[in-house]
Each structure stands twice: as C-alpha cells, then as structure tokens.
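*Asks:* What follows is my_file_23.csv, made up of CSV, C-alpha atoms:
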```
chain,number,residue,atom,x,y,z
A,1444,MET,CA,7.6,-20.7,-38.6
A,1445,ILE,CA,10.7,-20.8,-36.4
A,1446,PHE,CA,13.3,-23.6,-36.5
A,1447,LEU,CA,14.8,-24.5,-33.2
A,1448,ASN,CA,17.1,-27.5,-32.8
A,1449,GLU,CA,15.6,-29.3,-35.8
A,1450,ARG,CA,12.1,-28.8,-34.2
A,1451,ILE,CA,9.5,-26.7,-35.9
A,1452,VAL,CA,7.6,-24.3,-33.7
A,1453,VAL,CA,4.6,-22.7,-35.3
A,1454,LEU,CA,2.8,-19.7,-33.7
A,1455,ILE,CA,-0.9,-19.9,-34.3
A,1456,SER,CA,-3.7,-17.4,-34.3
A,1457,GLN,CA,-6.0,-16.8,-31.3
A,1458,SER,CA,-9.0,-18.3,-33.1
A,1459,ASP,CA,-7.0,-21.5,-34.1
A,1460,TRP,CA,-5.8,-21.9,-30.5
A,1461,ALA,CA,-9.4,-21.6,-29.2
A,1462,ARG,CA,-10.6,-24.2,-31.7
A,1463,GLN,CA,-7.8,-26.6,-30.6
A,1464,GLN,CA,-8.7,-26.1,-27.0
A,1465,GLY,CA,-12.4,-26.8,-27.8
A,1466,LEU,CA,-13.5,-23.2,-26.9
A,1467,ALA,CA,-15.7,-20.9,-28.9
A,1468,ASP,CA,-13.9,-17.7,-30.0
A,1469,GLN,CA,-16.1,-15.5,-27.8
A,1470,GLN,CA,-14.9,-17.4,-24.7
A,1471,VAL,CA,-11.3,-16.5,-25.3
A,1472,MET,CA,-10.0,-13.3,-23.8
A,1473,PRO,CA,-7.4,-11.3,-25.8
A,1474,HIS,CA,-4.0,-12.7,-25.1
A,1475,HIS,CA,-0.5,-13.2,-26.5
A,1476,ILE,CA,1.1,-16.6,-27.2
A,1477,SER,CA,4.5,-17.1,-25.5
A,1478,LEU,CA,7.1,-19.8,-25.9
A,1479,ALA,CA,8.2,-19.7,-22.2
A,1480,PRO,CA,9.2,-21.3,-20.0
A,1481,TYR,CA,9.5,-24.5,-21.9
A,1482,LEU,CA,10.9,-24.1,-25.4
A,1483,GLY,CA,8.3,-25.2,-27.9
A,1484,ALA,CA,5.3,-25.0,-25.5
A,1485,LEU,CA,2.6,-22.4,-26.2
A,1486,TYR,CA,1.2,-20.5,-23.2
A,1487,PRO,CA,-1.6,-17.9,-23.4
A,1488,TYR,CA,-1.1,-14.9,-21.2
A,1489,ALA,CA,-2.0,-11.3,-21.0
A,1490,MET,CA,0.0,-9.2,-18.5
A,1491,ARG,CA,3.0,-10.7,-16.8
A,1492,ILE,CA,3.4,-9.5,-13.2
A,1493,ILE,CA,6.8,-9.4,-11.6
A,1494,ALA,CA,6.5,-10.4,-8.8
A,1495,LYS,CA,3.6,-11.7,-6.8
A,1496,ARG,CA,6.1,-12.7,-4.2
A,1497,THR,CA,6.5,-9.0,-3.3
A,1498,LEU,CA,2.8,-8.8,-2.6
A,1499,ARG,CA,2.7,-12.0,-0.6
A,1500,GLU,CA,5.8,-10.9,1.5
A,1501,PHE,CA,4.1,-7.7,2.4
A,1502,TRP,CA,1.0,-9.2,4.0
A,1503,GLU,CA,3.0,-12.0,5.6
A,1504,ARG,CA,5.7,-9.7,7.1
A,1505,ASP,CA,3.3,-7.8,9.4
A,1506,PRO,CA,0.0,-9.4,10.7
A,1507,THR,CA,-1.6,-5.9,10.7
A,1508,ASN,CA,-1.4,-6.0,6.9
A,1509,LEU,CA,-3.4,-9.2,6.5
A,1510,ASP,CA,-6.5,-7.2,5.7
A,1511,CYS,CA,-5.0,-6.3,2.3
A,1512,LYS,CA,-4.4,-9.9,1.3
A,1513,GLY,CA,-7.7,-10.4,-0.5
A,1514,ALA,CA,-7.6,-7.0,-2.2
A,1515,LEU,CA,-4.0,-7.6,-3.5
A,1516,GLU,CA,-4.9,-11.1,-4.7
A,1517,ALA,CA,-7.9,-9.7,-6.5
A,1518,TRP,CA,-5.8,-7.0,-8.1
A,1519,HIS,CA,-3.3,-9.6,-9.2
A,1520,ALA,CA,-6.0,-11.8,-10.8
A,1521,LEU,CA,-7.5,-8.9,-12.7
A,1522,VAL,CA,-4.2,-7.6,-14.0
A,1523,ALA,CA,-3.0,-11.1,-15.0
A,1524,GLN,CA,-6.1,-11.3,-17.3
A,1525,ALA,CA,-5.8,-7.7,-18.6
A,1526,ASP,CA,-4.3,-6.7,-22.0
A,1527,TRP,CA,-3.1,-3.2,-21.4
A,1528,GLN,CA,-1.5,-1.5,-24.4
A,1529,THR,CA,-1.8,2.1,-23.2
A,1530,PRO,CA,-2.4,4.0,-20.0
A,1531,ALA,CA,-6.0,4.6,-21.2
A,1532,ASP,CA,-6.5,0.8,-20.9
A,1533,VAL,CA,-5.4,0.9,-17.3
A,1534,LYS,CA,-7.7,3.8,-16.5
A,1535,ASN,CA,-10.7,2.1,-18.1
A,1536,GLN,CA,-10.2,-0.8,-15.7
A,1537,PHE,CA,-9.1,1.1,-12.6
A,1538,ARG,CA,-10.7,4.5,-12.5
A,1539,HIS,CA,-8.8,5.6,-9.4
A,1540,ALA,CA,-5.4,4.8,-10.6
A,1541,SER,CA,-2.9,7.6,-10.7
A,1542,PHE,CA,-0.2,8.0,-13.4
A,1543,LEU,CA,3.3,9.1,-12.8
A,1544,THR,CA,6.2,9.7,-15.1
A,1545,GLY,CA,8.1,6.7,-16.5
A,1546,ASN,CA,5.0,4.6,-17.0
A,1547,ARG,CA,4.5,4.2,-13.2
A,1548,VAL,CA,1.0,3.8,-11.9
A,1549,VAL,CA,-0.3,4.1,-8.3
A,1550,PHE,CA,-3.2,1.9,-7.3
A,1551,ASN,CA,-5.4,2.4,-4.2
A,1552,ILE,CA,-5.8,-0.9,-2.4
A,1553,ALA,CA,-8.4,-1.9,0.2
A,1554,GLY,CA,-10.3,1.4,0.2
A,1555,ASN,CA,-7.1,3.6,-0.1
A,1556,LYS,CA,-5.6,2.1,3.1
A,1557,TYR,CA,-2.7,0.7,1.1
A,1558,ARG,CA,-0.9,1.9,-2.0
A,1559,LEU,CA,0.7,-0.2,-4.8
A,1560,VAL,CA,3.2,1.3,-7.2
A,1561,VAL,CA,4.0,-0.5,-10.4
A,1562,LYS,CA,6.0,0.2,-13.5
A,1563,ILE,CA,4.4,-1.0,-16.8
A,1564,ASN,CA,6.2,-2.0,-19.9
A,1565,TYR,CA,3.3,-1.8,-22.4
A,1566,PRO,CA,5.1,-3.2,-25.5
A,1567,TYR,CA,6.1,-6.4,-23.6
A,1568,SER,CA,3.0,-6.6,-21.4
A,1569,VAL,CA,4.9,-6.7,-18.2
A,1570,VAL,CA,4.0,-5.1,-14.8
A,1571,TYR,CA,6.8,-4.6,-12.3
A,1572,VAL,CA,5.7,-4.3,-8.7
A,1573,ARG,CA,7.9,-1.4,-7.3
A,1574,PHE,CA,6.3,-0.8,-3.9
A,1575,VAL,CA,3.4,-1.9,-1.7
A,1576,GLY,CA,2.7,-0.4,1.6
A,1577,THR,CA,0.4,1.6,3.8
A,1578,HIS,CA,-0.7,5.1,2.9
A,1579,TYR,CA,1.7,6.4,5.5
A,1580,GLN,CA,4.6,4.4,4.1
A,1581,TYR,CA,3.7,5.6,0.6
A,1582,ASP,CA,4.0,9.2,1.8
A,1583,GLN,CA,7.6,8.5,2.9
A,1584,ILE,CA,8.9,7.4,-0.5
A,1585,ASP,CA,9.4,9.0,-3.9
A,1586,ALA,CA,7.1,6.9,-6.1
A,1587,GLU,CA,8.8,8.1,-9.3
A,1588,THR,CA,12.2,6.6,-8.3
A,1589,VAL,CA,11.3,3.6,-6.0
```
Kindly return the structure encoded in the file as structure tokens.
*Replies:*
Amino acid sequence: MIFLNERIVVLISQSDWARQQGLADQQVMPHHISLAPYLGALYPYAMRIIAKRTLREFWERDPTNLDCKGALEAWHALVAQADWQTPADVKNQFRHASFLTGNRVVFNIAGNKYRLVVKINYPYSVVYVRFVGTHYQYDQIDAETV
C-alpha cells in the first residue's frame, strides 16, 4: 500500500486484476502493473518501447522504405506484448536476432533488407530503439555505440 496525497493506491496481483476486468486468468498475458502516466491509475504492460516515432519517421522519410512499414509495425506489436527478462527470452521469440555487448540486439526486418538495433534494459522492461536502416546503412555504423 502506498500513500500519495492522502489517496491510497494499492498494487494488485495479476489474477485479481484479471478478475476485475472480467477475464479468465488464462486469457491474461504476463505483465507488470504501472502507475504511469496518471498517478493512481493502473496500466498493464509488458515491454515499453522508446520510441515508435523513430520507426515511423524512418519509413516516412524515404518512400523507398515504405515496404518495411508492415514489418516494423508487426515487430513493435510483438515486442509490446513480450515479457523479456533475459536475452534467452528474446532469442526464443526472434531466432535470428543477434546479440551485441551492452544488451544491444540486432533484428533482421523484412527478410533482412532492413536492420533494427535496440538496447534492452531487462530489469525495467524497456526497449530503446537505437537505429533503423537498410542493410547498407547498418554496415556504415558501429552498432555497439550508436
């Protein structure tokens, strides 16, 4: 129980949350409960991705990149529902993901035509988009420092 400005905020278990929502326990994916962005409101989430805007700007910037829009949106939707606690969890979901130092992961997008580099903070369930580009553009960067 947390007291905030004379209001009581109670964090509830996943099964209690599911019952309150009218869902059976087996229909609820593993998630965390967060108090953001409105203090006192409970929001279920798995991985938080910062930022989808970077992905959107990539396919909007150049019309030749529009073919990756569907693949990037699908990647975003899958990751938003994931609950990655270790690199093994990522590898179980994305077999072709490559791991770099500093918790960085490289994903092949749209049949390896594009590359997506992210940094994952596993304890806080946050995925930071560090780079998205063509395979050629990826070859021009240092994925461990970008």
*Asks:* Calculate, to one decimal in Å, the centre and edge lengths of the box along x, y and z of the file that holds all listed atoms of segment 1571-1581 of chain A with 5 Å of margin on each side, and present them as JSON.
*Replies:*
```
{"center_x": 3.6, "center_y": 0.9, "center_z": -3.4, "size_x": 18.6, "size_y": 21.0, "size_z": 27.8}
```
*Asks:* Show me, as a list in words, the residues that have an atom within 9 Å of Glu1587 of chain A when counting all atoms listed in the file, minus same-chain residues fewer than 4 positions from it.
*Replies:*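 Once the adjacent positions are removed, what remains is Leu1543, Thr1544, Gly1545 and Arg1547 of chain A.
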*Asks:* Which one is closest to Thr1497 of chain A: A:Ser1568, A:Pro1530, A:Arg1573, A:Val1589? Count only C-alpha atoms.
*Replies:*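 Ranking A:Ser1568, A:Pro1530, A:Arg1573, A:Val1589 by distance to Thr1497 of chain A, first place goes to A:Arg1573.
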*Asks:* Near Ala1586 of chain A, counting only C-alpha atoms, which residues have an atom at most 12 Å away, once you skip same-chain residues fewer than 4 positions from it, shown as a tab-separated table (two decimals) with C-alpha atoms, in the frame of the given file?
*Replies:*
```
chain	number	residue	atom	x	y	z
A	1541	SER	CA	-2.90	7.60	-10.70
A	1542	PHE	CA	-0.20	8.00	-13.40
A	1543	LEU	CA	3.30	9.10	-12.80
A	1544	THR	CA	6.20	9.70	-15.10
A	1545	GLY	CA	8.10	6.70	-16.50
A	1546	ASN	CA	5.00	4.60	-17.00
A	1547	ARG	CA	4.50	4.20	-13.20
A	1548	VAL	CA	1.00	3.80	-11.90
A	1549	VAL	CA	-0.30	4.10	-8.30
A	1550	PHE	CA	-3.20	1.90	-7.30
A	1558	ARG	CA	-0.90	1.90	-2.00
A	1559	LEU	CA	0.70	-0.20	-4.80
A	1560	VAL	CA	3.20	1.30	-7.20
A	1561	VAL	CA	4.00	-0.50	-10.40
A	1562	LYS	CA	6.00	0.20	-13.50
A	1572	VAL	CA	5.70	-4.30	-8.70
A	1573	ARG	CA	7.90	-1.40	-7.30
A	1574	PHE	CA	6.30	-0.80	-3.90
A	1575	VAL	CA	3.40	-1.90	-1.70
A	1576	GLY	CA	2.70	-0.40	1.60
A	1580	GLN	CA	4.60	4.40	4.10
A	1581	TYR	CA	3.70	5.60	0.60
A	1582	ASP	CA	4.00	9.20	1.80
```
*Asks:* Out of A:Leu1521, A:Ala1494, A:Leu1509, A:Ala1514, which residue has the shortest atom-to-atom distance to Val1533 of chain A when counting all atoms listed in the file?
*Replies:*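 With all atoms listed in the file as the atom set, the closest residue is A:Leu1521.
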*Asks:* Excluding Pro1566 of chain A and any residue of its chain fewer than 6 positions from it, enumerate the residues within 10 Å of it, using only C-alpha atoms, and give them as a list of chain:residue names.
*Replies:*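 My reading of the contact set: A:Trp1527, A:Gln1528, A:Thr1529.
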*Asks:* Hey, which of A:Arg1499, A:Arg1504, A:Arg1491, A:Lys1512 ends up closest to Gln1524 of chain A? Count all atoms listed in the file.
*Replies:*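 Looking at the shortest contact to Gln1524 of chain A, the residue is A:Arg1491.
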*Asks:* Which value, in Å to one decimal, gives the distance between atom CA of Glu1503 of chain A and atom CA of Ala1525 of chain A?
*Replies:*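 Taking atom CA of Glu1503 of chain A and atom CA of Ala1525 of chain A, their separation equals 26.1 Å.
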*Asks:* Please provide as a compact mmCIF listing (two decimals) with C-alpha atoms, keeping the file's coordinate frame all residues within 6 Å of Lys1556 of chain A, with the sequence filter that same-chain residues fewer than 2 positions apart are discarded (counting all atoms listed in the file).
*Replies:*
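File produced: result-v5.txt:
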```
# COMPACT_ATOMS: atom_id res chain seq x y z
CA ALA A 1553 -8.40 -1.90 0.20
CA GLY A 1554 -10.30 1.40 0.20
CA HIS A 1578 -0.70 5.10 2.90
```
*Asks:* How many Å lie between atom CA of Asp1505 of chain A and atom CA of Ile1552 of chain A, rounded to one decimal?
*Replies:*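 For atom CA of Asp1505 of chain A relative to atom CA of Ile1552 of chain A, the distance reads 16.4 Å.
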*Asks:* How far is it from atom CA of Asn1551 of chain A to atom CA of Tyr1565 of chain A, in Å with one decimal?
*Replies:*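 Computing it gives 20.6 Å between the two atoms.
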*Asks:* Between A:Gln1583, A:Thr1577, A:Asn1555, A:Asn1508, which one has atoms that come closest to Ala1540 of chain A, using all atoms listed in the file?
*Replies:* A:Asn1555
